[in-house]
Amino acid sequence: MKPLTTEQIRAVIAKGKFRDNLFKAVGVFCLAFALLVIVALIADMLIKGSERFTLDFFLNFASRRATQAGILSAWVGSLLVMLVTALAAVPLGVAAGLYLEEYAKRNWITNIIEINITNLAAVPSIVYGLLALGIFVYQFGFGQSILSAGLTLALLILPIIIVATREAIRAIPAMIREGSMAVGATRWQTCRYHIVPYAMPGILTGVIIGLARAIGETAPIITIGALTFIAFLPPVPFSEIDGGATAGMFDWVMSPFTVMPIQIFNWTSRPDPAFEVNAAAAGFVLMAMVLSMNAVAIYLRYKMRKNIKW
Amino acid sequence: MQIHDTPALKAEARNLNFYYSEKQALKGINMPIYDKKVTALIGPSGCGKSTYLRSFNRMHDLYPGNRYEGEIRFFPDNTNLLSPDVDPIEVRMRIGMVFQKPNPFPKTIFENVAYGLRVRGENNKRTLDDKVEHALKGAAIWDEVKDRLQDMAPNLSGGQQQRLCIARALATDPELLLFDEPTSALDPIATGAIEELVHELKKRVTILIVTHNMQQAARVSDYTAYMYLGEMIEFGKTDQIFIKPNDKRTEDYITGRMG
Ligand SMILES: Nc1ncnc2c1ncn2[C@@H]1O[C@H](COP(=O)(O)OP(=O)(O)OP(=O)(O)O)[C@@H](O)[C@H]1O
Ligand SMILES: [Mg+2]
């Protein structure tokens, strides 16, 4: 074959470059579109709800009058439910992921477990609600409480945390594990000193993605019977409750509650259009909660990753 | 060669076979490892040098499906390192390893070296300080890092990282040190430093080293073994192997006619 002339080489390069630029343009367009949709959504809620952004909105309970109705019980409820969810799902999910990656032998049992976890992530959230209604609410007698809701959402995000943990562990090079085992460490020592700390940024990302998903879940929470109109807060530990008694450390977990998405849902279904303003404002607050969780995750991951390289 | 200049045995492979699941990677290996000597393993890529080396500290136990046959006797106590009754962790506590690519942990220099001691339950600050310093000196890197023990180890240069890994292995006073091509990722100066170190270390510990570099084998080792396709073709004093090999295949390899 004859070597290409300079002109021919340039023609080939020009053709390649044209495709480069074409793809760049398409990519930028897609990105801009996605960004625009998000920004438009947020801006829409911000503008619609703007007249409700007062301190009172955050400090008032729900009310029959739209202008006085606030989201106090909803945001407190959301935060407390998230707390229970995180406390239940993180240890379970990390331990399960660690076990599957570092301890479990590869055999048909682990294969079935693996397939199951993948499937679990695809189960519609309402199904978790039904399950939780039977088990947590009635069987265990937790009732329509923060505890039931937290555990339900924990189940829901467990697969996310397990998968994130496993991926983070798999990203650790085998030579690090071998380096640890080669000085005579046990599996547990290797996990405690190396695997878990190095996987932490990835695990954290998974946890936050999971929590961000959980905080917006409505269906399973409705299923287990969260209230839609609630004018009190869960008891603060050791505070005085009616009748002069003192609340216990964990009394709040058994309290009835509502959460942000339910509050929003409730307002959008009212005939009075004034409540749409409340719904938009609450929607914006929920968005802000999710985005700030993501921001915290990105910051922490950045901080932790700085010191982990091989 | 007279009997009286044959040194004591530190270890001996007896009829060692090794299988990666179905694939046999080591075939009937018999070989002595002499005490406080450097033994080099040479042979073309894929002949099983790493596989053989990693049998000594039971690294293969970390992965499912691997299987040993035969024995590696370890002296003076005549333990069979490969026996299912022998805990691989106990084996690794007595036998240190340095890998081909430096693999410091993403922790401080100090913690890298102290790790083996911590794993053994040592948490006394004074003892750790002493032993870490001793190990870093033994690995000829103390002067370079003594003022930055709290720096992250992966920020060191490649050659420094490898010496740090040697310090990590030395900190726990192993009886046998395994080196798998420890200089293949290093420049000539760093390589020279490691070779000098190996020479220095054999006063205290037995060394088994894999290398692709003939000059390196000739420079640092007392004994050399030539492996080919999973078999031990020839074992002898380094001088004899390089000057007058008995086997044609060894000669071809050393003179560069193959591999
Ligand atoms: N994990 C594994 N599973 C299956 N086969 C393997 C595995 N590791 C190595 N082998 C095979 O075993 C044989 C010996 O490999 P080994 O890594 O011991 O060679 P080596 O002599 O160290 O080569 P090199 O000089 O390239 O490092 C090779 O044929 C290799 O393909
Ligand atoms: Mg090798």
# chains A, B, ... in the order shown; residues from 1 in each chain; ligands from 1

$ residues_near_ligand --ligand "ligand 2" --cutoff "12 Å" --atoms "only C-alpha atoms and all ligand atoms" --output "ChimeraX atom specification"
/B:41-54,99-101,179-182,184,209-212,227

$ interface_residues --of "chain A" --to "chain B" --cutoff "12 Å" --atoms "only C-alpha atoms" --output "VMD selection string"
chain A and resid 102 to 107 172 to 190 192 to 195 197 to 199 304 to 310

$ write_last_selection --atoms "N, CA and C atoms" --output "CSV table (one decimal), in the first residue's frame"
chain,number,residue,atom,x,y,z
A,102,GLU,N,-15.8,-9.3,51.1
A,102,GLU,CA,-14.6,-9.7,51.7
A,102,GLU,C,-14.7,-11.1,52.4
A,103,TYR,N,-15.8,-11.6,52.8
A,103,TYR,CA,-15.9,-12.8,53.5
A,103,TYR,C,-16.6,-14.0,52.7
A,104,ALA,N,-17.7,-13.6,52.0
A,104,ALA,CA,-18.5,-14.7,51.5
A,104,ALA,C,-17.8,-15.5,50.4
A,105,LYS,N,-17.9,-16.8,50.5
A,105,LYS,CA,-17.4,-17.6,49.4
A,105,LYS,C,-18.3,-17.5,48.2
A,106,ARG,N,-17.7,-17.6,47.0
A,106,ARG,CA,-18.5,-17.5,45.8
A,106,ARG,C,-19.2,-18.9,45.6
A,107,ASN,N,-20.5,-19.0,45.8
A,107,ASN,CA,-21.2,-20.2,45.5
A,107,ASN,C,-22.6,-19.9,45.2
A,172,ILE,N,-10.9,-0.8,45.5
A,172,ILE,CA,-9.6,-0.8,46.2
A,172,ILE,C,-8.7,-1.9,45.5
A,173,PRO,N,-7.5,-1.5,45.1
A,173,PRO,CA,-6.7,-2.5,44.4
A,173,PRO,C,-6.3,-3.7,45.2
A,174,ALA,N,-6.2,-4.8,44.6
A,174,ALA,CA,-5.9,-6.1,45.3
A,174,ALA,C,-4.6,-6.0,46.0
A,175,MET,N,-3.7,-5.2,45.4
A,175,MET,CA,-2.3,-5.1,46.0
A,175,MET,C,-2.4,-4.5,47.4
A,176,ILE,N,-3.4,-3.7,47.7
A,176,ILE,CA,-3.5,-3.1,49.0
A,176,ILE,C,-3.9,-4.2,50.0
A,177,ARG,N,-4.9,-4.9,49.6
A,177,ARG,CA,-5.4,-6.0,50.4
A,177,ARG,C,-4.2,-7.0,50.7
A,178,GLU,N,-3.5,-7.4,49.6
A,178,GLU,CA,-2.4,-8.3,49.7
A,178,GLU,C,-1.3,-7.8,50.6
A,179,GLY,N,-1.1,-6.5,50.5
A,179,GLY,CA,0.0,-5.8,51.3
A,179,GLY,C,-0.4,-6.0,52.8
A,180,SER,N,-1.6,-5.8,53.1
A,180,SER,CA,-2.1,-6.0,54.5
A,180,SER,C,-2.0,-7.4,55.0
A,181,MET,N,-2.5,-8.3,54.2
A,181,MET,CA,-2.5,-9.7,54.6
A,181,MET,C,-1.1,-10.2,54.7
A,182,ALA,N,-0.2,-9.7,53.9
A,182,ALA,CA,1.2,-10.2,53.8
A,182,ALA,C,2.0,-10.0,55.1
A,183,VAL,N,1.6,-9.0,55.9
A,183,VAL,CA,2.3,-8.8,57.2
A,183,VAL,C,1.6,-9.6,58.3
A,184,GLY,N,0.6,-10.4,57.9
A,184,GLY,CA,0.0,-11.3,58.9
A,184,GLY,C,-1.3,-10.8,59.5
A,185,ALA,N,-1.9,-9.9,58.8
A,185,ALA,CA,-3.2,-9.3,59.3
A,185,ALA,C,-4.3,-10.4,59.0
A,186,THR,N,-5.3,-10.3,59.9
A,186,THR,CA,-6.5,-11.2,59.6
A,186,THR,C,-7.4,-10.4,58.7
A,187,ARG,N,-8.5,-11.1,58.2
A,187,ARG,CA,-9.4,-10.4,57.3
A,187,ARG,C,-10.0,-9.2,58.1
A,188,TRP,N,-10.4,-9.4,59.3
A,188,TRP,CA,-11.0,-8.4,60.1
A,188,TRP,C,-10.1,-7.1,60.2
A,189,GLN,N,-8.8,-7.4,60.5
A,189,GLN,CA,-7.9,-6.3,60.7
A,189,GLN,C,-7.8,-5.6,59.3
A,190,THR,N,-7.7,-6.3,58.3
A,190,THR,CA,-7.6,-5.7,56.9
A,190,THR,C,-8.8,-4.8,56.6
A,192,ARG,N,-10.8,-3.4,58.9
A,192,ARG,CA,-10.9,-2.3,59.9
A,192,ARG,C,-9.9,-1.2,59.6
A,193,TYR,N,-8.7,-1.6,59.2
A,193,TYR,CA,-7.6,-0.6,59.0
A,193,TYR,C,-7.6,-0.1,57.6
A,194,HIS,N,-8.1,-0.9,56.6
A,194,HIS,CA,-7.9,-0.5,55.2
A,194,HIS,C,-9.2,-0.5,54.5
A,195,ILE,N,-9.9,-1.6,54.3
A,195,ILE,CA,-11.1,-1.7,53.4
A,195,ILE,C,-12.1,-0.6,53.8
A,197,PRO,N,-12.1,2.1,55.8
A,197,PRO,CA,-11.7,3.5,55.7
A,197,PRO,C,-11.5,4.0,54.2
A,198,TYR,N,-10.9,3.1,53.4
A,198,TYR,CA,-10.7,3.5,52.0
A,198,TYR,C,-12.0,3.5,51.2
A,199,ALA,N,-12.9,2.7,51.6
A,199,ALA,CA,-14.2,2.6,50.9
A,199,ALA,C,-15.2,3.7,51.3
A,304,MET,N,-12.3,13.5,51.9
A,304,MET,CA,-11.7,12.2,52.2
A,304,MET,C,-10.9,11.6,51.1
A,305,ARG,N,-11.2,11.9,49.9
A,305,ARG,CA,-10.5,11.3,48.7
A,305,ARG,C,-9.1,11.9,48.6
A,306,LYS,N,-9.0,13.1,49.1
A,306,LYS,CA,-7.7,13.8,49.0
A,306,LYS,C,-6.5,13.0,49.5
A,307,ASN,N,-6.9,12.2,50.6
A,307,ASN,CA,-5.8,11.5,51.3
A,307,ASN,C,-5.7,10.0,50.9
A,308,ILE,N,-6.6,9.6,50.0
A,308,ILE,CA,-6.6,8.2,49.6
A,308,ILE,C,-6.2,8.1,48.1
A,309,LYS,N,-5.0,7.7,47.9
A,309,LYS,CA,-4.5,7.4,46.5
A,309,LYS,C,-3.5,6.2,46.6
A,310,TRP,N,-3.4,5.5,45.4
A,310,TRP,CA,-2.5,4.4,45.4
A,310,TRP,C,-1.7,4.5,44.1

$ residues_around --residues "Arg219 of chain B" --least-positions-apart "4" --cutoff "9 Å" --atoms "only C-alpha atoms" --output "list in words"
Glu195, Met214 and Gln215 of chain B

$ atom_distance --atom1 "atom CA of Ile126 of chain A" --atom2 "atom CA of Gly202 of chain A"
27.9 Å

$ closest_residue --among "B:Glu231, B:Asp129, B:Glu196, B:Asp61" --to "Leu82 of chain B" --atoms "only C-alpha atoms"
B:Asp61

$ closest_residue --among "A:Ala11, A:Ala25, A:Ile112, A:Leu41" --to "Gly283 of chain A" --atoms "only C-alpha atoms"
A:Leu41

$ select_by_dssp --residues "segment 36-198 of chain B" --states "helix (DSSP H, G or I)" --output "MDAnalysis selection string"
chainID B and resid 49:56 59:62 88:94 109:119 125:138 142:145 153:155 158:170 188:198

$ residues_around --residues "Ala121 of chain A" --least-positions-apart "2" --cutoff "7 Å" --atoms "only C-alpha atoms" --output "ChimeraX atom specification"
/A:117-119,123,159-160

$ write_last_selection --atoms "N, CA and C atoms" --output "short mmCIF file (atom, residue, chain, number, x, y, z; two decimals), in the first residue's frame"
data_model
loop_
_atom_site.label_atom_id
_atom_site.label_comp_id
_atom_site.auth_asym_id
_atom_site.auth_seq_id
_atom_site.Cartn_x
_atom_site.Cartn_y
_atom_site.Cartn_z
N ILE A 117 -30.47 -8.93 45.76
CA ILE A 117 -30.20 -7.53 46.11
C ILE A 117 -30.47 -6.63 44.92
N THR A 118 -30.03 -7.09 43.74
CA THR A 118 -30.30 -6.31 42.53
C THR A 118 -31.80 -6.14 42.33
N ASN A 119 -32.52 -7.25 42.54
CA ASN A 119 -33.98 -7.17 42.37
C ASN A 119 -34.63 -6.26 43.40
N VAL A 123 -37.75 -3.14 43.33
CA VAL A 123 -39.10 -3.31 43.87
C VAL A 123 -39.76 -1.95 44.03
N PRO A 159 -30.61 -1.71 49.53
CA PRO A 159 -29.89 -2.18 48.34
C PRO A 159 -28.94 -1.12 47.78
N ILE A 160 -29.36 0.15 47.84
CA ILE A 160 -28.50 1.22 47.32
C ILE A 160 -27.19 1.26 48.11
#

$ atom_distance --atom1 "atom CA of Gln160 of chain B" --atom2 "atom CA of Val196 of chain A"
26.4 Å

$ residues_around --residues "Ala66 of chain A" --least-positions-apart "3" --cutoff "7 Å" --atoms "only C-alpha atoms" --output "ChimeraX atom specification"
/A:63,69,274-275,278

$ write_last_selection --atoms "C-alpha atoms" --output "PDB file, in the first residue's frame"
ATOM      1  CA  SER A  63     -53.624  25.111  59.263  1.00  0.00           C
ATOM      2  CA  ALA A  69     -50.177  27.051  57.332  1.00  0.00           C
ATOM      3  CA  ALA A 274     -54.056  29.513  47.860  1.00  0.00           C
ATOM      4  CA  PHE A 275     -52.639  26.201  49.093  1.00  0.00           C
ATOM      5  CA  ASN A 278     -47.781  26.566  50.102  1.00  0.00           C
TER       6      ASN A 278
END
